[in-house]
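Written out below as structure tokens is the structure these notes cover.
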Amino acid sequence: MSRYLIPGALLLSLLALPAQAGTANASMQVGFVLTEACTVSAQSGAPNVSCSHDSPYRLGRIDAAAQQETQSGDAAWTVYF
């Protein structure tokens with residue numbers, strides 16, 4: 001009888017082991033950076049702005065006092081990102 005008792009007890013203890021194992025939870029922070037590239041082409045009229053990720057921008061003319069200080073007679077523009 002003891003010949004079957006020890007292997008049987010060992011087998012039962014191995015079967016009960018996974019049921020007692022717990023699960024572990026962990027958390028981590030993940031981040032990423034999008035690099036933006038914009039190109040401004042200065043031609044006659046309003047400048048042409050092209051951004052790689054469609055970033056918002058706004059065009060504005062420079063006020064008359066600052067525009068008079070420019071050497072050329074072209075209109076002066078500011079691009080706000």
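To be explicit about the labels: the chains of the structure tokens are called A, B, and onward in the order shown, and within each one the residues are counted from 1, while ligands get numbers from 1 in the order they are shown.
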
Non-local contacts of Ser41 (chain A) (12 Å; only C-alpha atoms; under 6 positions in same chain excluded) as an NGL selection string: :A and (47-51 or 77 or 79)

Determine, counting only C-alpha atoms, which protein, DNA and RNA residues have an atom within 12 Å of an atom of Leu34 (chain A); residues of the same chain fewer than 6 positions away are not included. Present the result as a list in words.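 Near neighbours after the sequence-gap exclusion: Ser52, His53, Asp54 and Ser55 of chain A.
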
Leaving out Arg61 (chain A) and any residue of its chain fewer than 4 positions from it, which residues lie within 8 Å of it when counting only C-alpha atoms, given as a VMD selection string? chain A and resid 75 to 78

Counting only C-alpha atoms, which residue out of A:Ile6, A:Ser13, A:Thr23, A:Phe81 sits closest to Pro56 (chain A)? A:Phe81

Mind pulling up the distance from CA of Gly60 (chain A) to CA of Gln43 (chain A)?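 That distance, rounded to one decimal, is 15.2 Å.
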
In Å, how far is it from CA of Leu59 (chain A) to CA of Val40 (chain A)?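 Taking CA of Leu59 (chain A) and CA of Val40 (chain A), their separation equals 10.9 Å.
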
As an exercise, work out the distance from CA of Tyr80 (chain A) to CA of Arg58 (chain A) in Å and give it to one decimal place. 5.0 Å
